[in-house]
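Colleague: Sending over upload.txt (compact mmCIF, C-alpha atoms).
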```txt
# COMPACT_ATOMS: atom_id res chain seq x y z
CA MET A 1 -139.80 31.78 54.52
CA LEU A 2 -138.10 34.12 52.03
CA GLU A 3 -134.36 34.72 51.91
CA LEU A 4 -132.31 36.72 49.43
CA ILE A 5 -128.56 36.12 49.58
CA ASN A 6 -126.39 38.56 47.61
CA TYR A 7 -129.15 38.73 45.01
CA THR A 8 -128.12 40.76 41.95
CA LYS A 9 -129.94 41.53 38.74
CA LYS A 10 -127.87 43.11 35.96
CA TYR A 11 -129.40 43.99 32.61
CA SER A 12 -127.77 43.55 29.21
CA ASN A 13 -127.06 47.29 29.02
CA GLY A 14 -124.89 47.00 32.12
CA LYS A 15 -127.36 48.68 34.44
CA TYR A 16 -128.15 47.09 37.79
CA GLY A 17 -131.78 46.56 38.72
CA ALA A 18 -130.71 45.17 42.09
CA LYS A 19 -127.26 44.75 43.62
CA ASN A 20 -126.08 42.45 46.41
CA ILE A 21 -129.39 42.38 48.24
CA ASN A 22 -129.67 40.40 51.46
CA LEU A 23 -133.08 40.08 53.10
CA LYS A 24 -134.85 37.55 55.30
CA VAL A 25 -138.62 37.32 55.76
CA GLU A 26 -139.84 34.84 58.37
CA SER A 27 -143.20 33.26 59.12
CA GLY A 28 -145.43 35.81 60.82
CA ASP A 29 -143.73 38.78 59.18
CA ILE A 30 -145.44 41.56 57.27
CA PHE A 31 -142.39 43.01 55.56
CA ALA A 32 -142.48 46.39 53.78
CA PHE A 33 -140.16 47.05 50.85
CA ILE A 34 -139.91 50.78 50.15
CA GLY A 35 -137.97 53.06 47.84
CA HIS A 36 -138.40 55.72 45.19
CA ASN A 37 -139.60 54.94 41.66
CA GLY A 38 -136.93 53.00 39.79
CA ALA A 39 -135.02 52.05 42.95
CA GLY A 40 -135.30 48.32 42.25
CA LYS A 41 -138.42 47.21 44.12
CA THR A 42 -140.34 45.69 41.20
CA THR A 43 -137.17 44.19 39.72
CA THR A 44 -136.51 42.38 42.99
CA ILE A 45 -140.10 41.25 43.38
CA LYS A 46 -140.17 39.86 39.83
CA SER A 47 -137.06 37.79 40.57
CA ILE A 48 -138.62 36.46 43.77
CA VAL A 49 -141.68 35.22 41.89
CA GLY A 50 -139.70 33.83 38.97
CA ILE A 51 -140.40 36.42 36.26
CA ASN A 52 -136.92 37.96 36.16
CA ASP A 53 -133.86 35.75 36.05
CA ILE A 54 -131.15 36.13 38.69
CA THR A 55 -127.73 37.36 37.56
CA SER A 56 -125.98 36.20 40.72
CA GLY A 57 -126.77 35.27 44.28
CA GLU A 58 -129.67 33.16 45.51
CA ILE A 59 -133.33 33.48 46.44
CA PHE A 60 -134.94 30.82 48.61
CA ILE A 61 -138.63 30.37 49.38
CA ASN A 62 -139.28 28.06 52.31
CA GLY A 63 -135.77 26.72 51.78
CA ILE A 64 -136.29 26.01 48.07
CA SER A 65 -134.09 27.69 45.45
CA VAL A 66 -135.99 29.87 42.99
CA LYS A 67 -133.22 29.29 40.44
CA GLU A 68 -133.13 25.50 40.77
CA LYS A 69 -136.80 24.68 41.44
CA PRO A 70 -138.93 27.61 40.23
CA LEU A 71 -142.12 25.56 39.84
CA GLU A 72 -141.89 24.21 43.38
CA CYS A 73 -141.55 27.77 44.64
CA LYS A 74 -144.52 29.00 42.61
CA LYS A 75 -146.73 26.32 44.17
CA ILE A 76 -146.39 27.88 47.60
CA ILE A 77 -146.58 31.60 46.81
CA SER A 78 -149.09 34.15 45.59
CA TYR A 79 -148.07 37.16 43.55
CA ILE A 80 -150.04 40.37 43.18
CA PRO A 81 -148.49 42.65 40.53
CA ASP A 82 -148.72 46.42 40.52
CA ASN A 83 -151.24 46.29 37.68
CA PRO A 84 -153.97 43.60 37.79
CA GLU A 85 -153.85 42.45 34.16
CA ILE A 86 -156.15 39.44 34.16
CA TYR A 87 -158.34 37.54 31.70
CA THR A 88 -161.06 40.05 30.86
CA SER A 89 -163.02 37.50 28.79
CA LEU A 90 -163.75 35.51 31.97
CA THR A 91 -166.24 36.28 34.69
CA GLY A 92 -164.94 36.90 38.19
CA ILE A 93 -166.00 33.46 39.40
CA GLN A 94 -164.45 31.78 36.36
CA TYR A 95 -161.15 33.47 37.13
CA LEU A 96 -161.23 32.40 40.78
CA ASN A 97 -162.10 28.84 39.80
CA LEU A 98 -159.21 28.87 37.34
CA ILE A 99 -156.87 29.86 40.18
CA GLY A 100 -158.42 27.16 42.36
CA ASP A 101 -157.88 24.55 39.63
CA ILE A 102 -154.26 25.58 39.06
CA PHE A 103 -153.46 25.24 42.76
CA LYS A 104 -155.69 22.17 43.22
CA VAL A 105 -157.92 23.68 45.90
CA ASN A 106 -160.78 21.27 46.61
CA THR A 107 -164.28 22.51 45.84
CA PRO A 108 -165.74 22.89 49.37
CA ILE A 109 -162.73 24.87 50.65
CA ARG A 110 -162.64 26.95 47.49
CA GLN A 111 -166.32 27.85 47.69
CA LYS A 112 -166.06 28.71 51.37
CA LEU A 113 -163.06 31.01 50.91
CA ILE A 114 -164.42 32.69 47.79
CA LEU A 115 -167.68 33.42 49.61
CA GLN A 116 -165.81 34.70 52.66
CA TYR A 117 -163.38 37.02 50.87
CA ALA A 118 -165.76 38.20 48.13
CA THR A 119 -168.34 39.11 50.78
CA GLN A 120 -165.77 40.97 52.86
CA LEU A 121 -164.55 42.92 49.84
CA GLU A 122 -168.09 43.56 48.58
CA LEU A 123 -167.46 41.79 45.28
CA ILE A 124 -169.87 38.90 45.78
CA ASN A 125 -172.60 40.40 43.59
CA ASP A 126 -170.18 41.01 40.71
CA LEU A 127 -168.59 37.58 40.40
CA ASN A 128 -170.87 36.52 37.55
CA ASN A 129 -170.02 39.62 35.52
CA LEU A 130 -167.25 39.74 32.93
CA ILE A 131 -163.95 41.08 34.23
CA SER A 132 -163.96 43.46 31.26
CA THR A 133 -166.74 45.38 33.04
CA TYR A 134 -164.71 45.72 36.27
CA SER A 135 -163.10 48.93 37.46
CA HIS A 136 -159.42 48.92 38.43
CA GLY A 137 -160.36 48.60 42.10
CA MET A 138 -162.65 45.64 41.42
CA LYS A 139 -159.90 43.88 39.47
CA GLN A 140 -157.54 44.50 42.37
CA LYS A 141 -160.04 42.95 44.78
CA LEU A 142 -160.42 39.93 42.50
CA VAL A 143 -156.67 39.39 42.29
CA LEU A 144 -156.41 39.68 46.07
CA ILE A 145 -159.11 37.06 46.56
CA GLY A 146 -157.29 34.78 44.13
CA ALA A 147 -154.07 35.24 46.11
CA PHE A 148 -155.62 34.10 49.38
CA ILE A 149 -157.84 31.18 48.35
CA HIS A 150 -155.10 28.58 47.88
CA SER A 151 -153.48 29.20 51.28
CA PRO A 152 -149.93 30.00 50.13
CA LYS A 153 -147.00 30.17 52.52
CA LEU A 154 -145.80 33.50 51.13
CA ILE A 155 -147.70 36.37 49.50
CA VAL A 156 -145.66 38.83 47.44
CA MET A 157 -147.40 42.11 46.60
CA ASP A 158 -146.35 45.07 44.47
CA GLU A 159 -148.33 48.16 45.56
CA PRO A 160 -151.39 46.17 46.70
CA PHE A 161 -153.45 49.15 47.90
CA VAL A 162 -153.44 51.10 44.64
CA GLY A 163 -157.00 51.51 43.38
CA LEU A 164 -158.66 50.35 46.60
CA ASP A 165 -161.11 52.56 48.46
CA PRO A 166 -160.48 53.19 52.20
CA LYS A 167 -162.90 50.47 53.33
CA ALA A 168 -161.37 47.85 51.04
CA SER A 169 -157.87 48.88 52.12
CA PHE A 170 -158.84 48.37 55.76
CA ILE A 171 -160.30 44.92 55.01
CA VAL A 172 -157.21 43.85 53.06
CA LYS A 173 -154.98 44.91 55.95
CA GLU A 174 -157.08 42.78 58.29
CA MET A 175 -156.80 39.84 55.86
CA MET A 176 -153.03 40.28 55.85
CA LYS A 177 -152.87 40.26 59.64
CA GLU A 178 -154.95 37.09 59.86
CA PHE A 179 -152.82 35.41 57.21
CA VAL A 180 -149.54 35.90 59.07
CA LYS A 181 -151.15 34.88 62.36
CA SER A 182 -151.65 31.45 60.82
CA GLY A 183 -147.95 31.17 59.96
CA GLY A 184 -147.79 32.81 56.55
CA ALA A 185 -145.52 35.67 55.53
CA ILE A 186 -146.10 38.77 53.41
CA PHE A 187 -143.53 40.81 51.48
CA PHE A 188 -144.84 43.89 49.73
CA SER A 189 -143.77 47.17 48.19
CA THR A 190 -145.61 50.38 48.89
CA HIS A 191 -145.29 54.14 48.62
CA VAL A 192 -147.80 54.61 51.43
CA LEU A 193 -145.32 54.91 54.27
CA GLU A 194 -147.93 55.53 56.95
CA VAL A 195 -149.56 52.18 56.12
CA ALA A 196 -146.21 50.42 56.15
CA GLU A 197 -145.31 51.90 59.53
CA LYS A 198 -148.57 50.84 61.16
CA LEU A 199 -148.97 47.46 59.48
CA CYS A 200 -145.48 46.00 59.18
CA ASN A 201 -143.11 44.59 61.75
CA LYS A 202 -140.13 44.72 59.39
CA VAL A 203 -138.96 47.04 56.61
CA ALA A 204 -136.21 47.41 54.02
CA ILE A 205 -135.36 50.61 52.16
CA ILE A 206 -133.82 50.31 48.70
CA LYS A 207 -132.02 53.16 46.94
CA ASN A 208 -130.27 53.01 43.58
CA SER A 209 -130.66 49.22 43.50
CA GLU A 210 -129.05 48.64 46.92
CA ILE A 211 -130.46 48.10 50.39
CA ILE A 212 -129.71 51.12 52.56
CA ALA A 213 -131.55 50.07 55.72
CA SER A 214 -133.26 46.86 56.82
CA GLY A 215 -134.59 45.39 60.04
CA ASP A 216 -137.36 45.60 62.60
CA MET A 217 -139.65 48.56 62.03
CA LYS A 218 -139.16 49.88 65.54
CA ASP A 219 -135.38 49.81 65.16
CA ILE A 220 -135.41 51.52 61.78
CA LYS A 221 -137.75 54.37 62.67
CA LYS A 222 -136.66 54.68 66.32
CA ASP A 223 -138.29 57.76 67.88
CA THR A 224 -139.29 59.34 64.58
CA SER A 225 -141.55 58.32 61.70
CA LEU A 226 -140.78 56.00 58.79
CA GLU A 227 -141.46 58.92 56.47
CA ASN A 228 -138.77 61.00 58.15
CA VAL A 229 -136.28 58.14 57.98
CA PHE A 230 -137.04 57.58 54.32
CA LEU A 231 -136.68 61.28 53.43
CA GLU A 232 -133.38 61.52 55.30
CA ILE A 233 -132.01 58.56 53.36
CA GLU A 234 -133.30 59.92 50.06
CA ASN A 235 -131.63 63.29 50.68
CA GLU A 236 -128.23 61.84 51.53
```
So, in terms of structure tokens, how does the structure I just supplied come out?

Modeller:
Amino acid sequence: MLELINYTKKYSNGKYGAKNINLKVESGDIFAFIGHNGAGKTTTIKSIVGINDITSGEIFINGISVKEKPLECKKIISYIPDNPEIYTSLTGIQYLNLIGDIFKVNTPIRQKLILQYATQLELINDLNNLISTYSHGMKQKLVLIGAFIHSPKLIVMDEPFVGLDPKASFIVKEMMKEFVKSGGAIFFSTHVLEVAEKLCNKVAIIKNSEIIASGDMKDIKKDTSLENVFLEIENE
């Protein structure tokens, strides 16, 4: 579903944002991408979704090259950034309908999914309000709903649980599990290692722009915790 082959991002000042990264995310995977601040997580994610260019290497989404056919890739993914900056002059429902229009989701399916997810996330009574009146957590919920309503093949998330209360976090995790059960894949960064350990079947750890460890969660953490593995790598 998602494959990075020797992906490298080098900035004009000579600094590497990511260096020779190789990763593979398959259908059914919930894949955690972890590392300290500035390690290269967001840089990599922005290249996957077509925001950052690629200095060298390749990124494929469902077998399609991000470099050669970026629009085709964007049609089959959802991206949730680390800060939900969305159109505050719209109401919640206007924003979701905009997303539905962009991805050509037919009206009955759109209405059904909006009702389902907005009810689950307790946002249904706020959809007619302007986004400018929303809290950070409400904006995050809205962006999450928008990510799920067009049934993408891959969802890419950068710190998706920031700003969510415990109940909303639990619901989103259940949404993620259901999504991959239907054949989708999720790749997301997080600093909440306990969540990653319990939720994800695969993990990659990035340090100083390079992948230090990657594979099945059970193989990476072995008989200890993901937190312990991460701290050991960080202290090396």

Colleague: Need the shell around region 35-42 of chain A: protein/DNA/RNA residues with any atom at most 7 Å away, counting only C-alpha atoms. Skip same-chain ones fewer than 2 positions apart. Format as a list in words?

Modeller: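 Returned residues: Gly17, Ala18, Phe33, Thr44, Ile45, Lys46, Asp158, Ser189, Ile205, Ile206, Lys207, Asn208 and Ser209 of chain A.
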
Colleague: Restricting the calculation to all atoms listed in the file: of A:Ile51, A:Leu23, A:Leu154, A:Val229, which residue gets closest to Lys75 (chain A)?

Modeller: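 That would be A:Leu154, the residue with the smallest distance to Lys75 (chain A).
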
Colleague: I'd like the neighbourhood of region 180-186 of chain A as a short mmCIF file (atom, residue, chain, number, x, y, z; two decimals) with C-alpha atoms, keeping the file's coordinate frame, where a residue qualifies if any of its atoms comes within 10 Å (using only C-alpha atoms), though same-chain residues fewer than 3 positions away should be ignored.

Modeller:
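And here's result.cif as it stands now:
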```
data_model
loop_
_atom_site.label_atom_id
_atom_site.label_comp_id
_atom_site.auth_asym_id
_atom_site.auth_seq_id
_atom_site.Cartn_x
_atom_site.Cartn_y
_atom_site.Cartn_z
CA MET A 1 -139.80 31.78 54.52
CA LEU A 2 -138.10 34.12 52.03
CA VAL A 25 -138.62 37.32 55.76
CA GLU A 26 -139.84 34.84 58.37
CA SER A 27 -143.20 33.26 59.12
CA GLY A 28 -145.43 35.81 60.82
CA ASP A 29 -143.73 38.78 59.18
CA ILE A 30 -145.44 41.56 57.27
CA PHE A 31 -142.39 43.01 55.56
CA ALA A 32 -142.48 46.39 53.78
CA ILE A 77 -146.58 31.60 46.81
CA SER A 78 -149.09 34.15 45.59
CA SER A 151 -153.48 29.20 51.28
CA PRO A 152 -149.93 30.00 50.13
CA LYS A 153 -147.00 30.17 52.52
CA LEU A 154 -145.80 33.50 51.13
CA ILE A 155 -147.70 36.37 49.50
CA VAL A 156 -145.66 38.83 47.44
CA MET A 157 -147.40 42.11 46.60
CA MET A 175 -156.80 39.84 55.86
CA MET A 176 -153.03 40.28 55.85
CA LYS A 177 -152.87 40.26 59.64
CA CYS A 200 -145.48 46.00 59.18
#
```

Colleague: Could you please determine the separation between CA of Ile211 (chain A) and CA of Leu193 (chain A) in Å, to one decimal place?

Modeller: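 Atom-to-atom, CA of Ile211 (chain A) to CA of Leu193 (chain A), that is 16.8 Å.
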
Colleague: Between A:Thr107, A:Thr91, A:Asn228, A:Ser214, which residue has the minimum interatomic distance to Leu142 (chain A), considering all atoms listed in the file?

Modeller: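 When distances to Leu142 (chain A) are compared using all atoms listed in the file, the smallest one comes from A:Thr91.
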
Colleague: Provide the CA of Ile48 (chain A) to CA of Gly215 (chain A) distance in Å, to one decimal place.

Modeller: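 That distance, rounded to one decimal, is 19.0 Å.
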
Colleague: What does the distance between CA of Leu164 (chain A) and CA of Phe148 (chain A) come to in Å, to one decimal place?

Modeller: 16.8 Å
